[in-house]
Amino acid sequence: MGVSDNTVGLSLAVASSAFIGASFILKKIGLIRAGKGGVRAGGGGYTYLLEPLWWAGMMTMLLGEIANFVAYTFAPAVLVTPLGALSIIVSSLLAHFVLKERLEKLGVLGCVSCIVGSVIVVIHAPQEHMPNSVEEIWNLAIQPGFLTYAVATLVVVAALVLFFEPRYGQTNIMIYLGICSSMGSLTVVSIKAIGVAIKLTLDGMNQVAYPHTWLFVIIAIICVVSQINYLNKALDTFDLAVVSPIYYVMFTTLTIVASGIMFKDWAGQSFSSIASEFCGLITILTGTIMLHTAKEEETGSSAALPWPLDRGSISWCISLGSDNLLKNVNEDYFAALQSSPAPV
């Protein structure tokens, strides 16, 4: 008995997630090393292009993306996309052991919530219609519904790049990842069209002569380059353990939305299935909030100490017979601060 197309697609998607999860670590290490010898990527620098480890991460990610690309030709996007959750597990574990990045219990719970919510959405998501030609995909892409989505996405991306990134890019993780995820939803549509064209061409129905095929190739290249650029900035600015799950959640959600609008997959679905999808989206949102909260708590706890305690020591000598114990503690405390030597 032969292996089904869905099995091949899912196997490739699993391998893709493993490669991509490992690539985050290699690229992060490369960005850290490059930042020590030049302008950081988050500050607009490109010294990471001279760092071998960053290129190793890019090659690993390229292998993962190729596996993911081929997976889309064998299985619907609604089955392939959610397996990106495995890359979160891989990258988070490697970040803990290799990069020594801490992820508190609340952050772990947020990751689990994001994955569970995404799985719920995918389980109840409608089956994607498999087009028979690139021209059929093009006809679906120029329908008013998807054209509205595509234009709205480009407007949002333009606003994020031109207005929000210069002001809030270094402090709000949603800016960089919003750009990546929005462009990613358009990438999936283009990748699906290219994959269908290659598969049909190999089956004897040449799709190379269609101009729509090359238009989808150009769109895919532009979107992928944009994703790589802003993903680099996100990785260089924020912790990998937070970047990876949020990027996955946003990318998965927008991809399912884009696919549903383009192929009208929700038509004919039962109310229970639609309600389950909304519950999954709420779970994803809850997980994202928990991840942000865990990050803020970690940052706040490290900022609570006004100076490094390992550079000196403070001691008090308190008389138990004092009439004002708190006053003595207060005075001795500030006396110790004033008499302590300045750190070298």
# chains A, B, ... in the order shown; residues from 1 in each chain; ligands from 1
call {"tool": "select_by_dssp", "arguments": {"residues": "segment 43-243 of chain A", "states": "alpha helix (DSSP H)", "output": "PyMOL selection string"}}
result
chain A and resi 52-74+77-80+85-94+105-124+134-141+144-159+165-168+173-202+211-237+240-243
call {"tool": "closest_residue", "arguments": {"among": "A:Val243, A:Val134, A:Leu160, A:Leu93", "to": "Phe216 of chain A", "atoms": "only C-alpha atoms"}}
result
A:Val134
call {"tool": "residues_around", "arguments": {"residues": "segment 256-271 of chain A", "least_positions_apart": "3", "cutoff": "10 Å", "atoms": "only C-alpha atoms", "output": "ChimeraX atom specification"}}
result
/A:76-78,81-82,121-122,124-131,137,139-150,182,185-186,188-189,251-253,274-277
call {"tool": "residues_around", "arguments": {"residues": "Gln227 of chain A", "least_positions_apart": "4", "cutoff": "12 Å", "atoms": "only C-alpha atoms", "output": "short mmCIF file (atom, residue, chain, number, x, y, z; two decimals) with N, CA and C atoms, in the first residue's frame"}}
result
data_model
loop_
_atom_site.label_atom_id
_atom_site.label_comp_id
_atom_site.auth_asym_id
_atom_site.auth_seq_id
_atom_site.Cartn_x
_atom_site.Cartn_y
_atom_site.Cartn_z
N VAL A 157 0.99 46.72 6.72
CA VAL A 157 2.44 46.55 6.68
C VAL A 157 3.13 47.89 6.42
N TYR A 176 7.62 44.16 14.65
CA TYR A 176 8.39 43.33 13.73
C TYR A 176 7.62 42.06 13.34
N LEU A 177 7.03 41.40 14.33
CA LEU A 177 6.35 40.14 14.05
C LEU A 177 5.04 40.37 13.30
N GLY A 178 4.43 41.52 13.47
CA GLY A 178 3.24 41.83 12.69
C GLY A 178 3.55 41.93 11.20
N ILE A 179 4.71 42.54 10.90
CA ILE A 179 5.14 42.63 9.50
C ILE A 179 5.43 41.24 8.95
N CYS A 180 6.19 40.44 9.70
CA CYS A 180 6.54 39.08 9.26
C CYS A 180 5.30 38.24 9.00
N SER A 181 4.37 38.26 9.95
CA SER A 181 3.18 37.40 9.85
C SER A 181 2.24 37.84 8.74
N SER A 182 2.08 39.14 8.58
CA SER A 182 1.19 39.64 7.53
C SER A 182 1.72 39.27 6.15
N MET A 183 3.02 39.48 5.94
CA MET A 183 3.61 39.10 4.67
C MET A 183 3.59 37.58 4.50
N GLY A 184 3.72 36.86 5.62
CA GLY A 184 3.72 35.40 5.55
C GLY A 184 2.41 34.83 5.05
N SER A 185 1.29 35.46 5.40
CA SER A 185 0.00 34.96 4.92
C SER A 185 -0.11 35.06 3.40
N LEU A 186 0.50 36.12 2.83
CA LEU A 186 0.53 36.25 1.37
C LEU A 186 1.54 35.29 0.76
N THR A 187 2.61 35.00 1.51
CA THR A 187 3.61 34.06 1.02
C THR A 187 3.01 32.68 0.81
N ALA A 220 6.22 35.84 -4.03
CA ALA A 220 6.80 35.00 -2.99
C ALA A 220 8.19 35.49 -2.59
N ILE A 221 9.02 35.87 -3.58
CA ILE A 221 10.38 36.35 -3.28
C ILE A 221 10.34 37.63 -2.46
N ILE A 222 9.47 38.57 -2.83
CA ILE A 222 9.36 39.83 -2.10
C ILE A 222 8.92 39.58 -0.66
N CYS A 223 7.92 38.73 -0.50
CA CYS A 223 7.39 38.45 0.85
C CYS A 223 8.43 37.73 1.72
N LEU A 231 12.33 39.46 10.67
CA LEU A 231 12.54 38.41 11.66
C LEU A 231 13.92 38.55 12.30
N ASN A 232 14.92 38.93 11.50
CA ASN A 232 16.26 39.20 12.04
C ASN A 232 16.21 40.31 13.09
N LYS A 233 15.47 41.37 12.80
CA LYS A 233 15.37 42.47 13.75
C LYS A 233 14.67 42.02 15.04
N ALA A 234 13.64 41.20 14.90
CA ALA A 234 12.94 40.71 16.09
C ALA A 234 13.85 39.83 16.94
N LEU A 235 14.60 38.94 16.29
CA LEU A 235 15.51 38.05 17.02
C LEU A 235 16.63 38.82 17.70
N TYR A 247 5.41 34.58 16.94
CA TYR A 247 5.47 34.56 15.48
C TYR A 247 4.65 33.40 14.92
N PHE A 251 1.38 34.00 12.59
CA PHE A 251 1.49 33.48 11.23
C PHE A 251 0.41 32.44 10.95
#
call {"tool": "residues_around", "arguments": {"residues": "Met61 of chain A", "least_positions_apart": "3", "cutoff": "6 Å", "atoms": "only C-alpha atoms", "output": "list in words"}}
result
Ile20, Ser23, Met58 and Gly64 of chain A
call {"tool": "residues_around", "arguments": {"residues": "segment 205-208 of chain A", "least_positions_apart": "6", "cutoff": "10 Å", "atoms": "only C-alpha atoms", "output": "ChimeraX atom specification"}}
result
/A:133-135,194,196-199,214
call {"tool": "decode", "arguments": {"residues": "segment 197-219 of chain A", "atoms": "N, CA, C and O atoms", "output": "compact mmCIF listing (two decimals), in the first residue's frame"}}
result
# COMPACT_ATOMS: atom_id res chain seq x y z
N ALA A 197 1.92 24.59 -9.56
CA ALA A 197 2.51 24.71 -10.90
C ALA A 197 3.60 23.67 -11.13
O ALA A 197 3.66 23.03 -12.19
N ILE A 198 4.46 23.48 -10.13
CA ILE A 198 5.54 22.48 -10.27
C ILE A 198 4.96 21.08 -10.35
O ILE A 198 5.37 20.26 -11.20
N LYS A 199 3.99 20.79 -9.49
CA LYS A 199 3.40 19.44 -9.48
C LYS A 199 2.70 19.14 -10.80
O LYS A 199 2.84 18.04 -11.37
N LEU A 200 1.93 20.10 -11.32
CA LEU A 200 1.23 19.88 -12.58
C LEU A 200 2.21 19.77 -13.75
O LEU A 200 2.00 18.97 -14.68
N THR A 201 3.29 20.55 -13.70
CA THR A 201 4.29 20.49 -14.76
C THR A 201 4.96 19.12 -14.79
O THR A 201 5.18 18.54 -15.87
N LEU A 202 5.28 18.59 -13.60
CA LEU A 202 5.88 17.26 -13.52
C LEU A 202 4.91 16.17 -13.98
O LEU A 202 5.34 15.11 -14.46
N ASP A 203 3.61 16.44 -13.85
CA ASP A 203 2.59 15.47 -14.29
C ASP A 203 2.29 15.59 -15.78
O ASP A 203 1.43 14.86 -16.30
N GLY A 204 2.98 16.52 -16.47
CA GLY A 204 2.79 16.64 -17.91
C GLY A 204 1.99 17.83 -18.36
O GLY A 204 1.83 18.05 -19.57
N MET A 205 1.45 18.62 -17.40
CA MET A 205 0.66 19.81 -17.77
C MET A 205 1.51 21.04 -17.49
O MET A 205 1.58 21.51 -16.35
N ASN A 206 2.18 21.54 -18.50
CA ASN A 206 3.15 22.63 -18.34
C ASN A 206 2.46 23.92 -17.88
O ASN A 206 1.53 24.41 -18.52
N GLN A 207 2.95 24.45 -16.73
CA GLN A 207 2.41 25.70 -16.20
C GLN A 207 3.41 26.85 -16.31
O GLN A 207 3.11 27.97 -15.91
N VAL A 208 4.59 26.56 -16.85
CA VAL A 208 5.65 27.58 -16.93
C VAL A 208 5.26 28.70 -17.89
O VAL A 208 5.64 29.86 -17.69
N ALA A 209 4.50 28.37 -18.91
CA ALA A 209 4.15 29.37 -19.92
C ALA A 209 3.15 30.40 -19.40
O ALA A 209 3.01 31.47 -19.99
N TYR A 210 2.47 30.09 -18.30
CA TYR A 210 1.48 31.03 -17.75
C TYR A 210 2.19 32.18 -17.05
O TYR A 210 3.04 31.96 -16.17
N PRO A 211 1.86 33.44 -17.38
CA PRO A 211 2.48 34.58 -16.67
C PRO A 211 2.11 34.62 -15.19
O PRO A 211 2.85 35.16 -14.37
N HIS A 212 0.97 34.03 -14.86
CA HIS A 212 0.55 34.02 -13.45
C HIS A 212 1.56 33.26 -12.58
O HIS A 212 1.78 33.63 -11.42
N THR A 213 2.17 32.23 -13.14
CA THR A 213 3.16 31.45 -12.38
C THR A 213 4.32 32.33 -11.95
O THR A 213 4.75 32.32 -10.79
N TRP A 214 4.83 33.12 -12.88
CA TRP A 214 5.98 33.98 -12.58
C TRP A 214 5.60 35.16 -11.70
O TRP A 214 6.42 35.64 -10.91
N LEU A 215 4.35 35.60 -11.80
CA LEU A 215 3.89 36.66 -10.91
C LEU A 215 3.86 36.17 -9.47
O LEU A 215 4.28 36.89 -8.54
N PHE A 216 3.39 34.93 -9.29
CA PHE A 216 3.39 34.35 -7.94
C PHE A 216 4.83 34.15 -7.44
O PHE A 216 5.09 34.30 -6.24
N VAL A 217 5.75 33.82 -8.32
CA VAL A 217 7.16 33.68 -7.92
C VAL A 217 7.72 35.01 -7.42
O VAL A 217 8.39 35.07 -6.37
N ILE A 218 7.43 36.09 -8.14
CA ILE A 218 7.91 37.42 -7.74
C ILE A 218 7.31 37.81 -6.39
O ILE A 218 8.02 38.32 -5.50
N ILE A 219 6.01 37.59 -6.21
CA ILE A 219 5.35 37.93 -4.95
C ILE A 219 5.97 37.14 -3.80
O ILE A 219 6.24 37.68 -2.71
